[in-house]
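What follows is the content of target_29.txt, which has compact mmCIF, C-alpha atoms:
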# COMPACT_ATOMS: atom_id res chain seq x y z
CA MET I 1 0.00 0.00 0.00
CA LYS I 2 2.87 2.36 0.84
CA LEU I 3 4.43 1.73 -2.56
CA LEU I 4 1.14 2.33 -4.37
CA ALA I 5 0.65 5.59 -2.45
CA ALA I 6 4.19 6.73 -3.32
CA LEU I 7 3.62 5.95 -7.01
CA TYR I 8 0.25 7.71 -7.03
CA PHE I 9 1.41 10.91 -5.34
CA GLY I 10 4.60 10.85 -7.42
CA ALA I 11 2.45 10.96 -10.55
CA VAL I 12 0.35 13.77 -9.05
CA LYS I 13 3.50 15.81 -8.40
CA GLU I 14 4.73 15.31 -11.95
CA ASN I 15 1.44 16.33 -13.54
CA LEU I 16 0.36 19.16 -11.23
CA PRO I 17 2.12 22.03 -13.06
CA ALA I 18 0.52 20.93 -16.33
CA SER I 19 -2.93 20.68 -14.71
CA PHE I 20 -2.93 24.16 -13.17
CA THR I 21 -1.79 27.60 -14.23
CA LEU I 22 0.97 28.70 -11.85
CA ASN I 23 2.27 32.24 -11.54
CA GLU I 24 5.99 32.96 -11.14
CA GLN I 25 5.96 32.72 -7.34
CA GLU I 26 3.88 29.52 -7.30
CA SER I 27 6.07 27.89 -9.93
CA LEU I 28 9.27 28.60 -8.00
CA VAL I 29 7.70 27.44 -4.73
CA TRP I 30 6.58 24.23 -6.45
CA GLN I 31 10.13 23.56 -7.65
CA CYS I 32 11.47 24.16 -4.13
CA HIS I 33 8.99 21.65 -2.70
CA ARG I 34 10.48 18.94 -4.87
CA ARG I 35 14.01 19.38 -3.51
CA ASP I 36 15.46 16.73 -1.20
CA HIS I 37 14.56 17.28 2.47
CA ALA I 38 12.21 20.18 1.71
CA MET I 39 9.24 18.34 3.23
CA ASP I 40 11.09 16.93 6.23
CA PHE I 41 9.34 19.26 8.67
CA LEU I 42 6.01 17.53 7.99
CA LYS I 43 7.50 14.24 9.21
CA ALA I 44 8.72 15.54 12.57
CA VAL I 45 7.12 13.93 15.63
CA PRO I 46 5.76 16.64 18.00
CA ILE I 47 8.13 16.53 21.00
CA SER I 48 8.15 19.63 23.20
CA GLY I 49 11.46 18.65 24.86
CA LEU I 50 13.18 18.85 21.46
CA ASN I 51 11.37 22.06 20.48
CA GLN I 52 9.42 20.13 17.84
CA THR I 53 5.98 21.60 18.51
CA VAL I 54 4.49 24.48 16.53
CA ALA I 55 1.74 26.83 17.69
CA PRO I 56 -1.40 26.79 15.47
CA ARG I 57 -0.96 30.41 14.33
CA GLN I 58 2.65 29.78 13.34
CA PHE I 59 1.80 26.55 11.53
CA GLN I 60 -0.97 28.28 9.59
CA SER I 61 1.46 31.02 8.55
CA ILE I 62 4.09 28.46 7.50
CA LEU I 63 1.58 26.70 5.26
CA LYS I 64 0.49 29.98 3.67
CA TYR I 65 4.14 30.81 2.95
CA TRP I 66 4.69 27.34 1.49
CA LEU I 67 1.56 27.50 -0.68
CA ALA I 68 2.35 31.02 -1.96
CA ILE I 69 -0.89 32.42 -0.50
CA PRO I 70 -0.66 36.22 -0.15
CA PHE I 71 -0.22 37.53 3.40
CA PHE I 72 -0.38 41.27 2.91
CA GLU I 73 -2.16 43.90 0.88
CA GLU I 74 -0.28 45.80 -1.81
CA ASP I 75 1.77 48.72 -0.46
CA SER I 76 1.88 47.25 3.05
CA ARG I 77 4.82 48.04 5.30
CA CYS I 78 6.73 45.88 7.74
CA SER I 79 5.52 46.39 11.32
CA MET I 80 9.09 45.93 12.59
CA CYS I 81 11.24 48.10 10.30
CA ASN I 82 8.57 50.05 8.35
CA ARG I 83 10.07 49.02 5.00
CA PRO I 84 7.84 47.94 2.07
CA MET I 85 6.30 44.50 2.57
CA ASP I 86 5.53 42.34 -0.48
CA ILE I 87 2.24 40.41 -0.55
CA TYR I 88 3.96 37.01 -0.16
CA ALA I 89 5.93 38.13 2.93
CA ASP I 90 9.33 37.49 1.37
CA HIS I 91 10.58 40.59 3.17
CA ALA I 92 9.53 39.07 6.51
CA VAL I 93 12.06 36.22 6.26
CA HIS I 94 14.87 38.66 5.37
CA CYS I 95 14.05 41.39 7.88
CA ALA I 96 16.89 41.94 10.35
CA SER I 97 14.73 43.66 12.97
CA GLU I 98 13.29 42.00 16.07
CA VAL I 99 12.40 38.31 15.51
CA GLY I 100 14.41 38.52 12.30
CA SER I 101 16.80 36.44 10.25
CA LYS I 102 19.29 36.22 13.15
CA PHE I 103 16.53 34.79 15.34
CA ARG I 104 15.97 31.96 12.83
CA HIS I 105 19.72 31.49 12.38
CA ASP I 106 20.29 31.14 16.13
CA MET I 107 17.47 28.60 16.47
CA VAL I 108 19.06 26.38 13.82
CA ARG I 109 22.57 26.85 15.26
CA ASP I 110 21.43 25.90 18.76
CA ALA I 111 19.55 22.85 17.45
CA LEU I 112 22.67 21.63 15.65
CA LEU I 113 24.74 22.22 18.78
CA ASP I 114 22.24 20.24 20.85
CA ILE I 115 22.42 17.35 18.35
CA CYS I 116 26.21 17.40 18.69
CA TYR I 117 25.88 17.21 22.47
CA ARG I 118 23.40 14.31 22.32
CA SER I 119 25.70 12.52 19.86
CA GLY I 120 28.72 12.74 22.14
CA VAL I 121 30.47 15.18 19.78
CA VAL I 122 32.49 17.93 21.47
CA ALA I 123 31.40 21.27 20.02
CA ARG I 124 31.20 24.93 21.07
CA LYS I 125 29.30 27.89 19.69
CA GLU I 126 30.37 31.44 18.89
CA VAL I 127 34.10 30.71 19.08
CA SER I 128 36.18 33.82 18.42
CA LEU I 129 39.11 33.15 16.08
CA GLY I 130 40.50 36.67 15.82
CA PHE I 131 39.95 36.95 12.06
CA LEU I 132 40.17 40.39 10.48
CA SER I 133 38.69 41.53 7.18
CA ASN I 134 40.67 43.47 4.57
CA SER I 135 39.51 46.66 6.30
CA ASP I 136 40.81 45.44 9.69
CA LYS I 137 37.26 44.84 10.92
CA GLU I 138 36.91 41.79 13.13
CA LEU I 139 34.96 39.03 11.39
CA LYS I 140 32.29 37.15 13.27
CA PRO I 141 33.27 34.08 15.30
CA ALA I 142 32.62 30.52 14.15
CA ASP I 143 28.96 29.64 14.71
CA ILE I 144 29.97 26.12 15.75
CA MET I 145 33.43 24.65 16.27
CA VAL I 146 33.62 20.86 16.36
CA HIS I 147 36.82 19.46 17.83
CA ASN I 148 38.79 16.66 16.15
CA TRP I 149 36.20 16.42 13.41
CA GLU I 150 38.27 16.13 10.24
CA ASP I 151 41.73 14.51 10.12
CA ASP I 152 42.18 15.36 13.82
CA LYS I 153 41.55 19.01 13.04
CA ASP I 154 38.99 21.30 14.62
CA VAL I 155 36.44 22.44 12.06
CA CYS I 156 34.66 25.81 12.00
CA PHE I 157 31.06 25.65 10.80
CA ASP I 158 29.22 28.71 9.54
CA VAL I 159 25.43 28.33 9.78
CA THR I 160 23.84 30.17 6.86
CA GLY I 161 20.12 30.63 6.18
CA ILE I 162 18.91 32.05 2.88
CA SER I 163 15.69 32.42 0.92
CA PRO I 164 15.17 31.40 -2.73
CA PHE I 165 13.25 34.68 -3.16
CA THR I 166 16.00 37.11 -2.23
CA THR I 167 15.07 39.91 -4.63
CA SER I 168 12.94 40.40 -7.73
CA ARG I 169 16.13 40.15 -9.79
CA THR I 170 16.81 36.59 -8.62
CA ARG I 171 13.31 35.09 -8.60
CA ASN I 172 14.08 33.04 -11.69
CA THR I 173 17.16 31.43 -10.11
CA PRO I 174 16.72 27.63 -10.22
CA PRO I 175 16.07 26.03 -6.81
CA GLY I 176 19.30 25.12 -5.07
CA GLN I 177 21.37 27.82 -6.75
CA ALA I 178 20.82 30.31 -3.92
CA ILE I 179 22.35 27.82 -1.46
CA ILE I 180 25.29 27.12 -3.79
CA ALA I 181 25.94 30.86 -4.12
CA ALA I 182 25.75 31.38 -0.34
CA VAL I 183 28.21 28.53 0.33
CA SER I 184 30.58 29.92 -2.30
CA ARG I 185 30.54 33.37 -0.64
CA LYS I 186 31.26 31.88 2.78
CA ARG I 187 34.14 29.78 1.49
CA THR I 188 35.67 32.78 -0.25
CA LYS I 189 35.44 34.76 2.98
CA TYR I 190 36.61 32.19 5.53
CA LEU I 191 38.19 29.06 4.03
CA HIS I 192 41.70 30.43 3.46
CA LYS I 193 41.75 32.18 6.86
CA CYS I 194 40.74 28.98 8.65
CA MET I 195 43.24 26.84 6.77
CA THR I 196 46.02 29.31 7.57
CA LEU I 197 45.42 28.75 11.30
CA GLY I 198 45.06 24.98 10.92
CA TYR I 199 41.27 24.77 11.08
CA GLY I 200 38.87 23.16 8.67
CA PHE I 201 35.87 25.11 7.39
CA GLN I 202 32.39 24.22 6.15
CA ALA I 203 29.24 26.24 5.52
CA LEU I 204 26.02 24.65 6.79
CA ALA I 205 23.48 26.27 4.49
CA PHE I 206 19.69 25.93 4.48
CA SER I 207 16.81 27.79 2.89
CA THR I 208 13.48 28.99 4.24
CA MET I 209 11.88 26.35 2.01
CA GLY I 210 13.72 23.56 3.80
CA GLU I 211 16.42 22.94 1.21
CA LEU I 212 19.75 21.83 2.68
CA GLY I 213 23.27 22.37 1.38
CA ASP I 214 25.48 19.36 0.68
CA ASP I 215 27.78 20.08 3.65
CA LEU I 216 24.80 20.23 6.01
CA VAL I 217 23.42 16.93 4.69
CA LEU I 218 26.78 15.22 5.22
CA PHE I 219 27.11 16.81 8.67
CA LEU I 220 23.73 15.44 9.77
CA LYS I 221 24.47 12.00 8.36
CA ARG I 222 27.74 11.84 10.28
CA LEU I 223 26.04 13.06 13.46
CA SER I 224 23.46 10.34 12.93
CA ASN I 225 26.22 7.73 12.89
CA CYS I 226 27.77 9.28 15.99
CA LEU I 227 24.42 9.20 17.77
CA VAL I 228 23.94 5.52 17.00
CA SER I 229 27.47 4.76 18.24
CA HIS I 230 26.85 6.85 21.35
CA ASP I 231 23.62 4.98 22.13
CA VAL I 232 23.39 1.55 20.49
CA ASN I 233 19.73 1.28 21.47
CA HIS I 234 18.86 4.50 19.69
CA LYS I 235 16.95 4.10 16.42
CA ILE I 236 17.73 7.30 14.57
CA GLY I 237 16.66 6.89 10.93
CA ASN I 238 16.04 10.28 9.33
CA SER I 239 14.82 11.90 12.55
CA LEU I 240 17.69 14.43 12.60
CA PHE I 241 16.58 15.75 9.23
CA HIS I 242 12.99 15.90 10.44
CA ARG I 243 14.05 17.74 13.58
CA LEU I 244 16.11 20.29 11.68
CA GLY I 245 13.27 20.79 9.20
CA ILE I 246 10.76 21.69 11.91
CA ILE I 247 13.26 24.01 13.64
CA ILE I 248 13.81 25.92 10.38
CA GLN I 249 10.07 26.29 9.86
CA LYS I 250 9.49 27.33 13.49
CA GLY I 251 11.91 30.18 12.87
CA VAL I 252 10.15 31.15 9.64
CA GLY I 253 6.75 30.95 11.36
CA ALA I 254 7.88 33.19 14.21
CA GLN I 255 9.12 35.80 11.73
CA LEU I 256 5.86 35.75 9.80
CA VAL I 257 3.56 35.94 12.83
CA ALA I 258 5.59 38.81 14.35
CA ARG I 259 4.85 40.92 11.26
CA LEU I 260 1.19 40.12 10.71
CA PRO I 261 -1.26 42.99 11.17
CA SER I 262 -2.82 42.91 14.64
CA ILE I 263 -6.24 42.36 13.09
CA ASP I 264 -5.02 38.96 11.80
CA LEU I 265 -3.68 37.73 15.15
The structure in this file should be written as structure tokens.
Amino acid sequence: MKLLAALYFGAVKENLPASFTLNEQESLVWQCHRRDHAMDFLKAVPISGLNQTVAPRQFQSILKYWLAIPFFEEDSRCSMCNRPMDIYADHAVHCASEVGSKFRHDMVRDALLDICYRSGVVARKEVSLGFLSNSDKELKPADIMVHNWEDDKDVCFDVTGISPFTTSRTRNTPPGQAIIAAVSRKRTKYLHKCMTLGYGFQALAFSTMGELGDDLVLFLKRLSNCLVSHDVNHKIGNSLFHRLGIIIQKGVGAQLVARLPSIDL
């Protein structure tokens, strides 16, 4: 029965764009949905101790964002920074004001750090490395440093969250390319500096649509193996991906709800 259901819904996914007229936003969202791990958040078991529960208002907002249902009227403004707000709330997931992109970033970083701890992996967050930019400005510390991770070297991990709808100029970018571009920027900025001091470097990139960068996928798979080794009775499966997926969407949901007009709350 499971196989028949998979075949049926697979056919539905293939034929849906041809059966309905999709606008530009809906088409790009549809392509994002088909990426690996994009739907992982729907498979997460609600566990409050692991922060895997979502309030009804947040979950409703997440689904609207995922289904490209307009949130705001034309010419609306962000309630946090007073900048123009697009109808699909793309600005909301980029806004740096209160409950902003850093809020979502920190939620994901802390979840990854907690997984490291539960897996018996020694890791620290916000480790200052003393890096300076070309203008002598101190660069931010490593989001996560994992000790003895790669060839007995400590590895610096930069947690990076992006959106596939960054600006109107990049809306036609194929799904996955925004993550590739973000990882490339991070490597250009930090890889050589880390290697010079004897550290490894990786960028753990994810998108607001649940897409995961290759380095993040490999990181979770290795943590999964560590978790099994740390607790032989632990059946892990893909639960780490499900957990990360729901954490990402909790961050997105919090950003959206914080910017909704009070009449909608």
Could you pull out every residue with an atom within 12 Å of (10.5, 39.4, 3.0), file coordinates, counting all atoms listed in the file, and send them as a ChimeraX atom specification?
/I:65,71-72,76-81,83-97,100-101,162-168,208,252,255-256,259
Need the shell around I:Val257: protein/DNA/RNA residues with any atom at most 9 Å away, counting all atoms listed in the file. Skip same-chain ones fewer than 5 positions apart. Format as a PyMOL selection string?
chain I and resi 57-58+61+252+265
Keeping only C-alpha atoms, write those residues as a tab-separated table (two decimals), in the frame of the given file.
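Ended up saving to again-v1.tsv:
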chain	number	residue	atom	x	y	z
I	57	ARG	CA	-0.96	30.41	14.33
I	58	GLN	CA	2.65	29.78	13.34
I	61	SER	CA	1.46	31.02	8.55
I	252	VAL	CA	10.15	31.15	9.64
I	265	LEU	CA	-3.68	37.73	15.15
Enter the distance from atom CA of I:Leu220 to atom CA of I:Ala182, in Å, rounded to one decimal.
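Separation between atom CA of I:Leu220 and atom CA of I:Ala182: 19.0 Å.
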Residues at most 9 Å from I:Ser239, counting only C-alpha atoms, excluding those fewer than 3 positions away in the same chain, as a ChimeraX atom specification?
/I:40,43-45,224,235-236,242-244
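Going from atom CA of I:Leu227 over to atom CA of I:Trp149, you cover 14.5 Å.
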Please identify all polymer residues within 12 Å of I:Ala111, counting all atoms listed in the file, omitting same-chain residues fewer than 6 positions from it, and present them as a count of residues only.
24
Any idea what the distance is between atom CA of I:Glu211 and atom CA of I:Ala38?
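Pair atom CA of I:Glu211 / atom CA of I:Ala38 returns 5.1 Å.
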Would you pick out the contacts of I:Glu126 at 9 Å or less, using all atoms listed in the file, so that residues sharing its chain but fewer than 2 positions from it are not included, and give the list as a list of chain:residue names?
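So the residues in contact are I:Arg124, I:Ser128, I:Lys140, I:Pro141, I:Ala142, I:Asp143, I:Ile144, I:Met145.
If only C-alpha atoms are the atoms counted, then among I:Asp114, I:Leu218, I:His230, I:Gly253 the closest residue to I:Val54 is I:Gly253.
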Nearest to I:Leu42: which of I:Trp66, I:Ile180, I:Val127, I:Cys226 is it, counting only C-alpha atoms?
I:Trp66
